[in-house]
>>> print(open('run07.cif').read())   # mmCIF, C-alpha atoms and all ligand atoms
data_upload
#
loop_
_atom_site.label_atom_id
_atom_site.label_comp_id
_atom_site.auth_asym_id
_atom_site.auth_seq_id
_atom_site.Cartn_x
_atom_site.Cartn_y
_atom_site.Cartn_z
CA MET A 266 -148.11 216.93 -47.13
CA GLU A 267 -150.99 216.00 -49.43
CA SER A 268 -148.81 214.75 -52.30
CA LEU A 269 -146.54 212.84 -49.98
CA ALA A 270 -149.48 211.20 -48.24
CA GLN A 271 -150.75 210.07 -51.63
CA VAL A 272 -147.44 208.92 -53.13
CA ASP A 273 -145.87 207.40 -50.03
CA PRO A 274 -148.30 207.06 -47.14
CA GLU A 275 -145.78 205.12 -45.04
CA ILE A 276 -143.17 207.90 -45.06
CA ALA A 277 -145.91 210.53 -44.63
CA GLN A 278 -147.11 208.63 -41.61
CA PHE A 279 -143.62 208.50 -40.07
CA ILE A 280 -143.14 212.25 -40.63
CA ARG A 281 -146.51 212.96 -39.04
CA ALA A 282 -145.62 210.76 -36.10
CA GLU A 283 -142.27 212.51 -35.70
CA SER A 284 -144.04 215.91 -35.73
CA ARG A 285 -146.31 214.60 -33.01
CA ARG A 286 -143.29 213.38 -31.03
CA GLN A 287 -141.59 216.76 -31.39
CA HIS A 288 -144.75 218.43 -30.11
CA ASP A 289 -145.56 216.04 -27.25
CA LYS A 290 -142.07 215.63 -25.78
CA ILE A 291 -139.73 217.96 -23.97
CA ARG A 292 -136.66 217.89 -26.20
CA LEU A 293 -133.53 218.35 -24.14
CA ILE A 294 -130.84 217.11 -26.53
CA ALA A 295 -128.37 219.98 -26.42
CA SER A 296 -127.62 219.87 -30.14
CA GLU A 297 -131.24 219.91 -31.35
CA ASN A 298 -133.71 222.68 -32.03
CA TYR A 299 -136.92 223.60 -33.89
CA VAL A 300 -136.33 225.51 -37.15
CA SER A 301 -138.86 228.03 -38.38
CA HIS A 302 -141.36 227.21 -41.07
CA ALA A 303 -139.48 229.58 -43.38
CA VAL A 304 -136.32 227.49 -42.94
CA LEU A 305 -138.30 224.30 -43.60
CA GLU A 306 -139.73 225.78 -46.81
CA ALA A 307 -136.31 226.75 -48.14
CA THR A 308 -134.87 223.37 -47.17
CA GLY A 309 -137.73 221.51 -48.86
CA SER A 310 -137.53 223.56 -52.05
CA VAL A 311 -136.66 222.82 -55.70
CA LEU A 312 -133.06 223.81 -55.00
CA THR A 313 -132.60 220.14 -54.17
CA ASN A 314 -132.84 219.50 -57.93
CA LYS A 315 -129.65 221.36 -58.84
CA TYR A 316 -126.03 220.28 -59.14
CA SER A 317 -123.43 223.02 -58.68
CA GLU A 318 -119.92 221.68 -58.12
CA GLY A 319 -117.51 224.55 -57.66
CA TYR A 320 -118.07 228.02 -56.26
CA ALA A 321 -120.11 231.05 -57.37
CA GLY A 322 -118.87 232.20 -60.80
CA LYS A 323 -116.63 229.09 -61.11
CA ARG A 324 -118.99 226.13 -61.44
CA TYR A 325 -118.59 222.99 -63.48
CA TYR A 326 -122.26 222.87 -64.52
CA GLU A 327 -124.36 225.55 -66.23
CA GLY A 328 -127.65 226.98 -64.98
CA GLN A 329 -126.31 228.56 -61.79
CA GLN A 330 -128.07 231.94 -62.19
CA TYR A 331 -129.96 231.56 -58.91
CA ILE A 332 -127.83 229.04 -57.05
CA ASP A 333 -124.85 231.45 -57.17
CA LYS A 334 -127.02 234.17 -55.68
CA VAL A 335 -128.27 231.91 -52.89
CA GLU A 336 -124.75 230.83 -51.94
CA GLU A 337 -123.34 234.37 -52.17
CA LEU A 338 -126.14 235.70 -49.97
CA CYS A 339 -125.59 232.95 -47.42
CA ILE A 340 -121.85 233.76 -47.32
CA ALA A 341 -122.47 237.51 -47.01
CA ARG A 342 -124.86 236.94 -44.12
CA ALA A 343 -122.39 234.63 -42.37
CA LYS A 344 -119.62 237.22 -42.75
CA ALA A 345 -121.86 239.92 -41.28
CA LEU A 346 -123.00 237.74 -38.37
CA PHE A 347 -119.58 236.47 -37.30
CA GLY A 348 -117.19 239.06 -38.74
CA ALA A 349 -115.34 236.39 -40.75
CA GLU A 350 -112.88 237.19 -43.55
CA HIS A 351 -113.70 234.11 -45.64
CA VAL A 352 -116.63 231.69 -45.45
CA ASN A 353 -117.34 228.33 -47.04
CA VAL A 354 -120.97 227.20 -46.58
CA GLN A 355 -120.71 223.93 -48.50
CA PRO A 356 -119.68 221.34 -45.85
CA TYR A 357 -122.46 218.81 -45.44
CA SER A 358 -122.21 219.05 -41.66
CA GLY A 359 -119.82 219.63 -38.75
CA SER A 360 -117.70 216.48 -39.04
CA PRO A 361 -116.99 216.99 -42.78
CA ALA A 362 -116.22 220.65 -42.04
CA ASN A 363 -113.63 219.63 -39.47
CA GLN A 364 -112.19 217.02 -41.81
CA ALA A 365 -111.89 219.62 -44.57
CA VAL A 366 -109.81 221.78 -42.24
CA PHE A 367 -107.46 218.85 -41.62
CA VAL A 368 -107.18 218.14 -45.35
CA ALA A 369 -106.45 221.82 -45.99
CA LEU A 370 -103.95 222.48 -43.24
CA LEU A 371 -102.37 219.18 -42.17
CA LYS A 372 -100.41 216.28 -43.56
CA PRO A 373 -101.33 212.74 -42.46
CA GLY A 374 -99.49 211.98 -39.22
CA ASP A 375 -99.42 215.60 -38.03
CA THR A 376 -100.34 216.15 -34.40
CA ILE A 377 -103.72 217.56 -33.33
CA LEU A 378 -104.32 218.71 -29.76
CA GLY A 379 -108.01 218.70 -28.77
CA LEU A 380 -110.38 218.32 -25.81
CA SER A 381 -110.98 214.67 -24.97
CA LEU A 382 -114.41 213.24 -25.76
CA ALA A 383 -114.88 212.09 -22.17
CA HIS A 384 -114.28 215.63 -20.93
CA GLY A 385 -116.80 217.20 -23.32
CA GLY A 386 -114.87 217.25 -26.60
CA HIS A 387 -115.94 215.83 -29.96
CA LEU A 388 -114.95 212.66 -31.81
CA THR A 389 -113.48 214.72 -34.63
CA HIS A 390 -111.06 216.56 -32.31
CA GLY A 391 -108.45 213.79 -32.39
CA ASP A 392 -110.29 210.85 -30.81
CA GLY A 393 -108.72 207.49 -31.72
CA ILE A 394 -111.91 205.99 -33.16
CA SER A 395 -112.41 208.84 -35.65
CA VAL A 396 -110.40 209.67 -38.76
CA SER A 397 -109.10 212.68 -36.83
CA GLY A 398 -107.25 210.30 -34.52
CA MET A 399 -106.50 207.57 -37.06
CA TYR A 400 -104.84 209.60 -39.81
CA TYR A 401 -103.47 212.25 -37.46
CA GLN A 402 -101.75 211.97 -34.11
CA GLY A 403 -104.43 212.91 -31.58
CA VAL A 404 -103.29 214.29 -28.24
CA GLN A 405 -106.05 215.13 -25.80
CA TYR A 406 -106.37 217.64 -22.97
CA GLY A 407 -109.06 217.63 -20.29
CA VAL A 408 -110.79 219.64 -17.61
CA ARG A 409 -109.67 220.20 -14.04
CA ARG A 410 -111.05 217.81 -11.46
CA ASP A 411 -111.63 220.59 -8.89
CA THR A 412 -113.37 223.21 -11.07
CA GLY A 413 -114.54 221.34 -14.17
CA GLU A 414 -112.88 224.08 -16.22
CA ILE A 415 -110.55 223.34 -19.13
CA ASP A 416 -107.08 222.85 -17.71
CA TYR A 417 -105.34 225.60 -19.70
CA GLU A 418 -102.03 224.82 -17.98
CA GLU A 419 -102.31 221.24 -19.24
CA VAL A 420 -103.12 222.53 -22.75
CA GLU A 421 -99.95 224.62 -22.65
CA ARG A 422 -97.83 221.80 -21.25
CA LEU A 423 -99.10 219.30 -23.86
CA ALA A 424 -98.62 221.87 -26.62
CA GLN A 425 -95.01 222.40 -25.63
CA GLU A 426 -94.37 218.67 -25.27
CA HIS A 427 -96.06 217.51 -28.50
CA ARG A 428 -95.65 220.61 -30.73
CA PRO A 429 -99.02 220.08 -32.51
CA ARG A 430 -99.59 221.49 -35.96
CA LEU A 431 -103.21 222.25 -34.96
CA ILE A 432 -104.83 223.04 -31.61
CA ILE A 433 -108.61 222.62 -31.48
CA CYS A 434 -110.83 224.38 -28.98
CA GLY A 435 -114.52 223.58 -28.94
CA HIS A 436 -116.81 220.99 -27.45
CA SER A 437 -120.09 219.15 -27.47
CA ALA A 438 -120.56 218.83 -23.71
CA TYR A 439 -118.70 221.56 -21.83
CA PRO A 440 -120.88 223.95 -19.83
CA ARG A 441 -118.50 226.91 -19.72
CA LEU A 442 -117.33 229.74 -21.92
CA LEU A 443 -114.11 229.21 -23.86
CA ASP A 444 -111.12 231.51 -23.48
CA PHE A 445 -110.17 231.82 -27.17
CA GLU A 446 -107.53 234.46 -26.43
CA ARG A 447 -105.72 232.07 -24.12
CA PHE A 448 -105.90 229.27 -26.67
CA ALA A 449 -104.50 231.62 -29.32
CA ALA A 450 -101.60 232.59 -27.08
CA ILE A 451 -100.78 228.91 -26.44
CA ALA A 452 -100.98 228.14 -30.17
CA GLN A 453 -98.75 231.08 -31.07
CA GLY A 454 -96.25 230.02 -28.41
CA VAL A 455 -95.65 226.69 -30.16
CA GLY A 456 -96.19 227.78 -33.76
CA ALA A 457 -99.49 225.85 -34.05
CA LEU A 458 -102.60 226.82 -35.95
CA LEU A 459 -105.77 227.34 -33.92
CA MET A 460 -109.15 225.95 -34.93
CA ALA A 461 -112.30 226.77 -32.94
CA ASP A 462 -115.29 224.46 -33.37
CA ILE A 463 -118.29 226.49 -32.24
CA ALA A 464 -120.97 224.07 -33.45
CA HIS A 465 -122.76 224.09 -30.12
CA VAL A 466 -122.49 227.73 -29.17
CA ALA A 467 -122.71 229.49 -32.57
CA GLY A 468 -126.14 230.97 -31.72
CA LEU A 469 -124.77 232.35 -28.46
CA VAL A 470 -121.73 233.79 -30.28
CA VAL A 471 -123.99 235.59 -32.77
CA ALA A 472 -125.98 237.03 -29.87
CA GLY A 473 -122.84 238.23 -28.06
CA LEU A 474 -123.40 235.82 -25.16
CA HIS A 475 -120.29 233.76 -25.82
CA PRO A 476 -116.88 235.11 -26.90
CA ASN A 477 -116.38 235.14 -30.66
CA PRO A 478 -113.29 233.17 -31.75
CA ILE A 479 -112.98 234.97 -35.11
CA PRO A 480 -110.28 237.46 -34.06
CA HIS A 481 -108.24 234.73 -32.37
CA ALA A 482 -108.55 231.54 -34.41
CA ASP A 483 -107.08 230.80 -37.83
CA VAL A 484 -110.11 228.69 -38.69
CA VAL A 485 -113.57 228.41 -37.17
CA THR A 486 -115.99 225.59 -37.94
CA THR A 487 -119.62 225.26 -37.01
CA THR A 488 -122.82 223.44 -37.73
CA SER A 489 -125.92 225.42 -38.57
CA HIS A 490 -128.59 223.42 -36.78
CA LYS A 491 -127.89 223.64 -33.07
CA SER A 492 -128.26 226.90 -31.12
CA LEU A 493 -128.04 228.71 -34.48
CA ARG A 494 -131.44 227.18 -35.40
CA GLY A 495 -130.90 226.44 -39.08
CA PRO A 496 -131.18 223.25 -41.12
CA ARG A 497 -128.54 220.53 -40.74
CA GLY A 498 -125.35 221.77 -42.36
CA GLY A 499 -121.79 222.90 -41.78
CA MET A 500 -119.63 225.95 -42.38
CA ILE A 501 -115.97 226.94 -42.26
CA MET A 502 -114.78 230.48 -41.57
CA CYS A 503 -111.11 231.36 -41.91
CA ARG A 504 -108.52 234.04 -42.39
CA THR A 505 -108.08 235.05 -46.04
CA GLN A 506 -104.67 233.38 -46.21
CA TYR A 507 -106.29 229.93 -45.77
CA ALA A 508 -109.29 230.57 -48.05
CA GLU A 509 -107.96 228.83 -51.13
CA ALA A 510 -106.77 225.75 -49.24
CA ILE A 511 -110.06 225.45 -47.35
CA ASP A 512 -112.18 225.83 -50.48
CA LYS A 513 -110.10 223.25 -52.36
CA ALA A 514 -110.33 220.83 -49.44
CA VAL A 515 -114.15 221.04 -49.39
CA PHE A 516 -114.44 220.79 -53.17
CA PRO A 517 -112.94 218.90 -54.92
CA GLY A 518 -111.01 217.47 -51.96
CA LEU A 519 -113.82 215.87 -50.02
CA GLN A 520 -117.20 216.66 -51.49
CA GLY A 521 -119.08 216.90 -54.75
CA GLY A 522 -122.06 219.16 -55.31
CA PRO A 523 -123.19 221.30 -52.38
CA HIS A 524 -126.70 220.78 -50.99
CA ASN A 525 -128.23 223.97 -52.34
CA HIS A 526 -131.56 223.54 -50.57
CA THR A 527 -129.64 223.38 -47.30
CA THR A 528 -127.59 226.45 -48.21
CA ALA A 529 -130.84 228.35 -48.80
CA GLY A 530 -132.22 227.19 -45.45
CA ILE A 531 -129.01 228.26 -43.72
CA ALA A 532 -129.24 231.69 -45.40
CA VAL A 533 -132.78 232.08 -44.04
CA ALA A 534 -131.64 231.05 -40.56
CA PHE A 535 -128.82 233.62 -40.75
CA LYS A 536 -131.34 236.32 -41.64
CA GLU A 537 -133.39 235.29 -38.60
CA ALA A 538 -130.28 235.19 -36.40
CA ALA A 539 -129.45 238.81 -37.24
CA THR A 540 -132.61 240.09 -35.53
CA PRO A 541 -133.11 241.48 -32.01
CA GLU A 542 -135.63 238.65 -31.47
CA PHE A 543 -132.90 236.09 -31.98
CA ARG A 544 -130.62 237.88 -29.51
CA ALA A 545 -133.43 237.81 -26.94
CA TYR A 546 -133.99 234.12 -27.71
CA ALA A 547 -130.32 233.33 -27.14
CA ALA A 548 -130.36 235.18 -23.81
CA ARG A 549 -133.35 233.06 -22.74
CA ILE A 550 -131.47 229.87 -23.71
CA VAL A 551 -128.74 230.73 -21.21
CA GLU A 552 -131.21 231.91 -18.56
CA ASN A 553 -133.11 228.63 -18.90
CA ALA A 554 -129.96 226.50 -18.74
CA LYS A 555 -128.90 228.26 -15.53
CA ALA A 556 -132.40 227.78 -14.08
CA LEU A 557 -132.39 224.11 -15.06
CA ALA A 558 -128.96 223.53 -13.48
CA ALA A 559 -130.00 225.27 -10.25
CA SER A 560 -133.31 223.38 -10.07
CA LEU A 561 -131.58 220.05 -10.66
CA GLN A 562 -129.13 220.82 -7.88
CA GLY A 563 -132.09 221.68 -5.66
CA GLU A 564 -133.53 218.23 -6.44
CA GLY A 565 -130.31 216.53 -5.37
CA PHE A 566 -128.54 215.97 -8.70
CA ARG A 567 -124.83 216.70 -8.99
CA VAL A 568 -124.36 219.09 -11.88
CA VAL A 569 -120.93 218.74 -13.49
CA GLY A 570 -118.87 221.91 -13.04
CA GLY A 571 -121.43 223.21 -10.51
CA GLY A 572 -123.66 224.92 -13.09
CA THR A 573 -123.51 226.33 -16.60
CA GLN A 574 -122.48 229.43 -18.51
CA ASN A 575 -123.97 228.36 -21.84
CA HIS A 576 -126.87 226.31 -23.18
CA LEU A 577 -126.01 222.92 -21.76
CA VAL A 578 -126.05 221.14 -18.45
CA VAL A 579 -124.11 217.94 -17.77
CA VAL A 580 -125.60 215.89 -14.96
CA ASP A 581 -124.01 213.12 -12.91
CA ALA A 582 -126.89 210.61 -12.80
CA THR A 583 -125.04 208.42 -10.32
CA SER A 584 -125.64 211.14 -7.73
CA MET A 585 -129.26 209.85 -7.78
CA GLY A 586 -128.29 206.18 -7.81
CA VAL A 587 -128.77 205.49 -11.55
CA THR A 588 -126.52 205.31 -14.59
CA GLY A 589 -126.78 207.90 -17.34
CA ARG A 590 -128.23 205.33 -19.70
CA GLN A 591 -130.87 204.23 -17.17
CA LEU A 592 -131.87 207.84 -16.57
CA ALA A 593 -131.98 208.78 -20.26
CA LYS A 594 -134.13 205.73 -21.16
CA ALA A 595 -136.49 206.29 -18.22
CA MET A 596 -136.77 210.01 -19.07
CA ASP A 597 -137.69 209.14 -22.65
CA ALA A 598 -140.50 206.92 -21.36
CA ALA A 599 -141.62 209.89 -19.26
CA GLY A 600 -141.67 212.29 -22.23
CA MET A 601 -138.31 214.03 -21.73
CA VAL A 602 -135.66 213.32 -24.35
CA CYS A 603 -131.93 213.67 -23.68
CA ASN A 604 -128.78 211.63 -24.30
CA PHE A 605 -126.59 209.66 -21.95
CA ASN A 606 -123.08 211.04 -21.80
CA ARG A 607 -119.73 210.38 -20.19
CA ILE A 608 -118.73 212.88 -17.57
CA PRO A 609 -115.17 214.05 -16.81
CA PHE A 610 -113.15 211.33 -15.02
CA ASP A 611 -115.93 208.81 -15.73
CA THR A 612 -114.94 205.28 -14.85
CA GLN A 613 -117.82 203.81 -16.89
CA PRO A 614 -117.80 202.96 -20.62
CA ALA A 615 -119.41 205.15 -23.30
CA LEU A 616 -122.49 202.92 -23.68
CA HIS A 617 -123.18 202.90 -19.93
CA PRO A 618 -121.77 206.22 -18.78
CA SER A 619 -122.43 208.07 -15.54
CA GLY A 620 -124.11 211.16 -16.93
CA VAL A 621 -126.74 212.72 -19.13
CA ARG A 622 -126.39 215.87 -21.20
CA LEU A 623 -129.24 218.38 -21.35
CA GLY A 624 -129.64 221.54 -23.41
CA THR A 625 -132.17 224.33 -23.63
CA PRO A 626 -132.15 225.57 -27.28
CA ALA A 627 -135.22 223.53 -28.33
CA THR A 628 -137.36 224.11 -25.24
CA THR A 629 -136.52 227.82 -25.38
CA SER A 630 -137.62 227.94 -29.03
CA ARG A 631 -141.08 226.82 -27.97
CA GLY A 632 -141.24 229.45 -25.22
CA PHE A 633 -140.33 227.56 -22.06
CA GLY A 634 -138.95 229.71 -19.25
CA PRO A 635 -137.41 229.18 -15.79
CA GLN A 636 -140.74 227.96 -14.35
CA GLU A 637 -140.88 225.15 -16.88
CA MET A 638 -137.23 224.33 -16.11
CA GLU A 639 -138.20 223.82 -12.45
CA LYS A 640 -140.91 221.41 -13.52
CA ILE A 641 -138.51 219.49 -15.74
CA ALA A 642 -136.01 219.16 -12.88
CA ALA A 643 -138.73 217.91 -10.52
CA TRP A 644 -139.96 215.33 -13.06
CA MET A 645 -136.39 214.22 -13.75
CA ALA A 646 -135.81 213.70 -10.03
CA GLN A 647 -139.03 211.70 -9.77
CA VAL A 648 -137.97 209.55 -12.72
CA ALA A 649 -134.50 209.01 -11.23
CA ARG A 650 -135.89 208.05 -7.83
CA VAL A 651 -138.33 205.56 -9.31
CA ARG A 652 -135.65 204.07 -11.56
CA ALA A 653 -133.23 203.78 -8.64
CA ASP A 654 -135.77 202.13 -6.35
CA GLU A 655 -135.02 198.41 -6.48
CA GLY A 656 -138.31 197.72 -4.67
CA GLN A 657 -140.37 198.86 -7.70
CA ASP A 658 -141.09 196.34 -10.42
CA LEU A 659 -141.07 197.25 -14.10
CA GLU A 660 -144.82 197.76 -14.34
CA ALA A 661 -144.91 200.10 -11.34
CA ARG A 662 -142.09 202.12 -12.84
CA LYS A 663 -143.78 202.30 -16.24
CA LYS A 664 -146.96 203.56 -14.57
CA VAL A 665 -145.06 206.46 -13.01
CA TYR A 666 -143.34 207.26 -16.31
CA ARG A 667 -146.71 207.28 -18.10
CA GLU A 668 -148.16 209.65 -15.51
CA ILE A 669 -145.24 212.04 -15.91
CA ALA A 670 -145.48 211.77 -19.72
CA GLY A 671 -149.12 212.89 -19.37
CA HIS A 672 -148.06 215.98 -17.39
CA VAL A 673 -145.32 216.65 -19.94
CA LYS A 674 -147.78 216.49 -22.81
CA ALA A 675 -150.23 218.80 -21.02
CA LEU A 676 -147.40 221.30 -20.56
CA CYS A 677 -146.27 220.98 -24.19
CA ASP A 678 -149.83 221.58 -25.44
CA GLY A 679 -149.50 225.12 -24.07
CA PHE A 680 -146.30 225.78 -26.04
CA PRO A 681 -146.66 225.33 -29.81
CA ALA A 682 -143.28 224.69 -31.41
CA PRO A 683 -141.86 226.66 -34.37
CA GLY A 684 -142.04 224.85 -37.68
CA LEU A 685 -144.80 222.45 -36.66
CA LEU A 686 -148.20 223.07 -38.26
CA TYR A 687 -151.12 223.79 -35.96
CA GLY A 688 -154.77 224.08 -36.96
CA PRO A 689 -157.23 226.77 -35.93
CA GLU A 690 -157.78 225.29 -32.46
CA GLY A 691 -154.09 224.98 -31.82
CA ARG A 692 -154.11 221.26 -32.61
CA LEU A 693 -151.16 219.80 -34.46
CA VAL A 694 -152.11 219.00 -38.07
N1 LIG B 1 -123.87 214.99 -32.43
C1 LIG B 1 -123.59 216.34 -31.98
C2 LIG B 1 -124.00 216.56 -30.59
O1 LIG B 1 -125.00 216.00 -30.17
O2 LIG B 1 -123.35 217.31 -29.87
C3 LIG B 1 -122.18 216.71 -32.17
O3 LIG B 1 -121.76 216.33 -33.43
#
>>> encode(input="run07.cif", output="structure tokens", more="lines below")
Ligand code: DSN
Amino acid sequence: MESLAQVDPEIAQFIRAESRRQHDKIRLIASENYVSHAVLEATGSVLTNKYSEGYAGKRYYEGQQYIDKVEELCIARAKALFGAEHVNVQPYSGSPANQAVFVALLKPGDTILGLSLAHGGHLTHGDGISVSGMYYQGVQYGVRRDTGEIDYEEVERLAQEHRPRLIICGHSAYPRLLDFERFAAIAQGVGALLMADIAHVAGLVVAGLHPNPIPHADVVTTTSHKSLRGPRGGMIMCRTQYAEAIDKAVFPGLQGGPHNHTTAGIAVAFKEAATPEFRAYAARIVENAKALAASLQGEGFRVVGGGTQNHLVVVDATSMGVTGRQLAKAMDAAGMVCNFNRIPFDTQPALHPSGVRLGTPATTSRGFGPQEMEKIAAWMAQVARVRADEGQDLEARKKVYREIAGHVKALCDGFPAPGLLYGPEGRLV
């Protein structure tokens, strides 16, 4: 970053500090990862200089000799990875991708049936505070209280009652596999279209560790930066019959020029995801999540749904006498970064919910295994106990957090992270 340090030392300093943070901390936010240096290079390339409204061979600006090739290669790789008929790699991220599907397939006021945010869904699946619930009629299904599994009978009942135009399956905090076949049968039964949002699990789908929705769903959306380990971006895959509507909704419907540097980075990530190494990586993500869930249970935490089948673990912090927000903030002070999250049937508001959400894609990228997951669970329990102990004053708590942060850093020093630059002695540069 020599030029950057010279031109803008303040920004260079913040980037350096963020690199240091990403090295020193255990990153447990389920939607985050470490991209490879190759992905960073493509994303930070001169492709950022180019405008290219339109699609390959049909652009509104000249000079697309190489941009067309980048986008076509990215699309071809996506088709090969997922088995999709048609792919659009231009959405700026997951929320715009979902919105493009609505623009393509719905009229304002149409009914959308999606998983409720509180039960692990996403804002853009029909929640009232997002456009998906403001311009469309959002009806929400949930999970079963006894098993934590999606209540497929409720999905069917609500589908028959509300006759949605679109059913959405997908989540941002649901620790189980999705039964796409069952969703497709429910959608067909009421004449609805089916959209699967696989933003969280796309890397597991590619590796064959999560069912692939492609044969069952009319449209599939994803981001590229979570378990798929690419730069921040979005993608829509669909049956050929919806291709024209989807492409028109993305451009010119919602967006202008695609972010070509991002498209190149996504193409690189797709090349990486097609390797046996990536499949092994994805298997370790799931192995680590299961180990983390089991270790947390061993420490006394209640794990929502009793465990996990994917990359994420939802934890009821109140089982240790703290709120999710208290636990997440205390963990951050102790070097472990996650987000507070509502849990199914939560009686607490979104800013002070009962749970935290954890995920293993980032820690697995730096080589953590089940042994490290045990350590994380033990440190989390220590943090929770100290935070819950009313007898401890703030300074005493902070001292414990600092001690744990020291152990965390010592552990992280043994696991260099992809994409970060290390010098000859393994020190971050
Ligand atoms: N913000 C993402 C997540 O953390 O799951 C979803 O959009």
>>> residues_around(input="run07.cif", residues="Thr628 (chain A)", least_positions_apart="2", cutoff="9 Å", atoms="all atoms listed in the file", output="list of chain:residue names")
A:Ile291, A:Arg292, A:Leu293, A:Asn298, A:Tyr299, A:Ile550, A:Asn553, A:Gly624, A:Thr625, A:Pro626, A:Ser630, A:Arg631, A:Gly632, A:Phe633, A:Gly634, A:Ala682
>>> write_last_selection(input="run07.cif", atoms="C-alpha atoms", output="PDB file, keeping the file's coordinate frame")
ATOM      1  CA  ILE A 291    -139.730 217.960 -23.970  1.00  0.00           C
ATOM      2  CA  ARG A 292    -136.660 217.890 -26.200  1.00  0.00           C
ATOM      3  CA  LEU A 293    -133.530 218.350 -24.140  1.00  0.00           C
ATOM      4  CA  ASN A 298    -133.710 222.680 -32.030  1.00  0.00           C
ATOM      5  CA  TYR A 299    -136.920 223.600 -33.890  1.00  0.00           C
ATOM      6  CA  ILE A 550    -131.470 229.870 -23.710  1.00  0.00           C
ATOM      7  CA  ASN A 553    -133.110 228.630 -18.900  1.00  0.00           C
ATOM      8  CA  GLY A 624    -129.640 221.540 -23.410  1.00  0.00           C
ATOM      9  CA  THR A 625    -132.170 224.330 -23.630  1.00  0.00           C
ATOM     10  CA  PRO A 626    -132.150 225.570 -27.280  1.00  0.00           C
ATOM     11  CA  SER A 630    -137.620 227.940 -29.030  1.00  0.00           C
ATOM     12  CA  ARG A 631    -141.080 226.820 -27.970  1.00  0.00           C
ATOM     13  CA  GLY A 632    -141.240 229.450 -25.220  1.00  0.00           C
ATOM     14  CA  PHE A 633    -140.330 227.560 -22.060  1.00  0.00           C
ATOM     15  CA  GLY A 634    -138.950 229.710 -19.250  1.00  0.00           C
ATOM     16  CA  ALA A 682    -143.280 224.690 -31.410  1.00  0.00           C
TER      17      ALA A 682
END
>>> atom_distance(input="run07.cif", atom1="CA of Val568 (chain A)", atom2="CA of Glu421 (chain A)")
27.2 Å
>>> atom_distance(input="run07.cif", atom1="CA of Met399 (chain A)", atom2="atom O1 of ligand LIG 1 (chain B)")
21.5 Å
>>> residues_around(input="run07.cif", residues="Leu346 (chain A)", least_positions_apart="5", cutoff="8 Å", atoms="only C-alpha atoms", output="number ranges by chain")
A: 471, 535, 538-539
>>> residues_near_ligand(input="run07.cif", ligand="ligand LIG 1 (chain B)", cutoff="8 Å", atoms="only C-alpha atoms and all ligand atoms", output="PyMOL selection string")
chain A and resi 294-297+359-360+387-388+436-438+464-465
>>> residues_near_point(input="run07.cif", point="(-115.7, 220.3, -12.0)", cutoff="7 Å", atoms="only C-alpha atoms", output="number ranges by chain")
A: 409-414, 569-571
>>> closest_residue(input="run07.cif", among="A:Ile479, A:Cys339, A:Val354, A:Leu423", to="Gly499 (chain A)", atoms="all atoms listed in the file")
A:Val354
>>> residues_around(input="run07.cif", residues="Gly435 (chain A)", least_positions_apart="3", cutoff="10 Å", atoms="all atoms listed in the file", output="PyMOL selection string")
chain A and resi 379-380+385-387+390+438-439+442-443+445+460-466+485-487
>>> write_last_selection(input="run07.cif", atoms="C-alpha atoms", output="PDB file, keeping the file's coordinate frame")
ATOM      1  CA  GLY A 379    -108.010 218.700 -28.770  1.00  0.00           C
ATOM      2  CA  LEU A 380    -110.380 218.320 -25.810  1.00  0.00           C
ATOM      3  CA  GLY A 385    -116.800 217.200 -23.320  1.00  0.00           C
ATOM      4  CA  GLY A 386    -114.870 217.250 -26.600  1.00  0.00           C
ATOM      5  CA  HIS A 387    -115.940 215.830 -29.960  1.00  0.00           C
ATOM      6  CA  HIS A 390    -111.060 216.560 -32.310  1.00  0.00           C
ATOM      7  CA  ALA A 438    -120.560 218.830 -23.710  1.00  0.00           C
ATOM      8  CA  TYR A 439    -118.700 221.560 -21.830  1.00  0.00           C
ATOM      9  CA  LEU A 442    -117.330 229.740 -21.920  1.00  0.00           C
ATOM     10  CA  LEU A 443    -114.110 229.210 -23.860  1.00  0.00           C
ATOM     11  CA  PHE A 445    -110.170 231.820 -27.170  1.00  0.00           C
ATOM     12  CA  MET A 460    -109.150 225.950 -34.930  1.00  0.00           C
ATOM     13  CA  ALA A 461    -112.300 226.770 -32.940  1.00  0.00           C
ATOM     14  CA  ASP A 462    -115.290 224.460 -33.370  1.00  0.00           C
ATOM     15  CA  ILE A 463    -118.290 226.490 -32.240  1.00  0.00           C
ATOM     16  CA  ALA A 464    -120.970 224.070 -33.450  1.00  0.00           C
ATOM     17  CA  HIS A 465    -122.760 224.090 -30.120  1.00  0.00           C
ATOM     18  CA  VAL A 466    -122.490 227.730 -29.170  1.00  0.00           C
ATOM     19  CA  VAL A 485    -113.570 228.410 -37.170  1.00  0.00           C
ATOM     20  CA  THR A 486    -115.990 225.590 -37.940  1.00  0.00           C
ATOM     21  CA  THR A 487    -119.620 225.260 -37.010  1.00  0.00           C
TER      22      THR A 487
END
>>> closest_residue(input="run07.cif", among="A:Val396, A:Ala450, A:Val408, A:Val366", to="Leu431 (chain A)", atoms="all atoms listed in the file")
A:Val366
>>> residues_near_point(input="run07.cif", point="(-109.2, 228.7, -39.7)", cutoff="12 Å", atoms="all atoms listed in the file", output="number ranges by chain")
A: 349-353, 362-363, 365-367, 369-371, 431-434, 449, 457-463, 478-487, 500-512
>>> atom_distance(input="run07.cif", atom1="CA of Glu690 (chain A)", atom2="CA of Ser268 (chain A)")
24.2 Å
>>> closest_atom_pairs(input="run07.cif", of="region 576-659 of chain A", to="region 671-678 of chain A", cutoff="9 Å", atoms="all atoms listed in the file", output="Markdown table")
| residue | atom | partner | partner_atom | distance |
| --- | --- | --- | --- | --- |
| A:Ala599 | CA | A:Val673 | CA | 7.7 |
| A:Gly600 | CA | A:Val673 | CA | 6.1 |
| A:Met601 | CA | A:Val673 | CA | 7.7 |
| A:Arg631 | CA | A:Cys677 | CA | 8.7 |
| A:Glu637 | CA | A:Leu676 | CA | 8.4 |
| A:Ile641 | CA | A:Val673 | CA | 8.5 |
| A:Trp644 | CA | A:Val673 | CA | 8.8 |
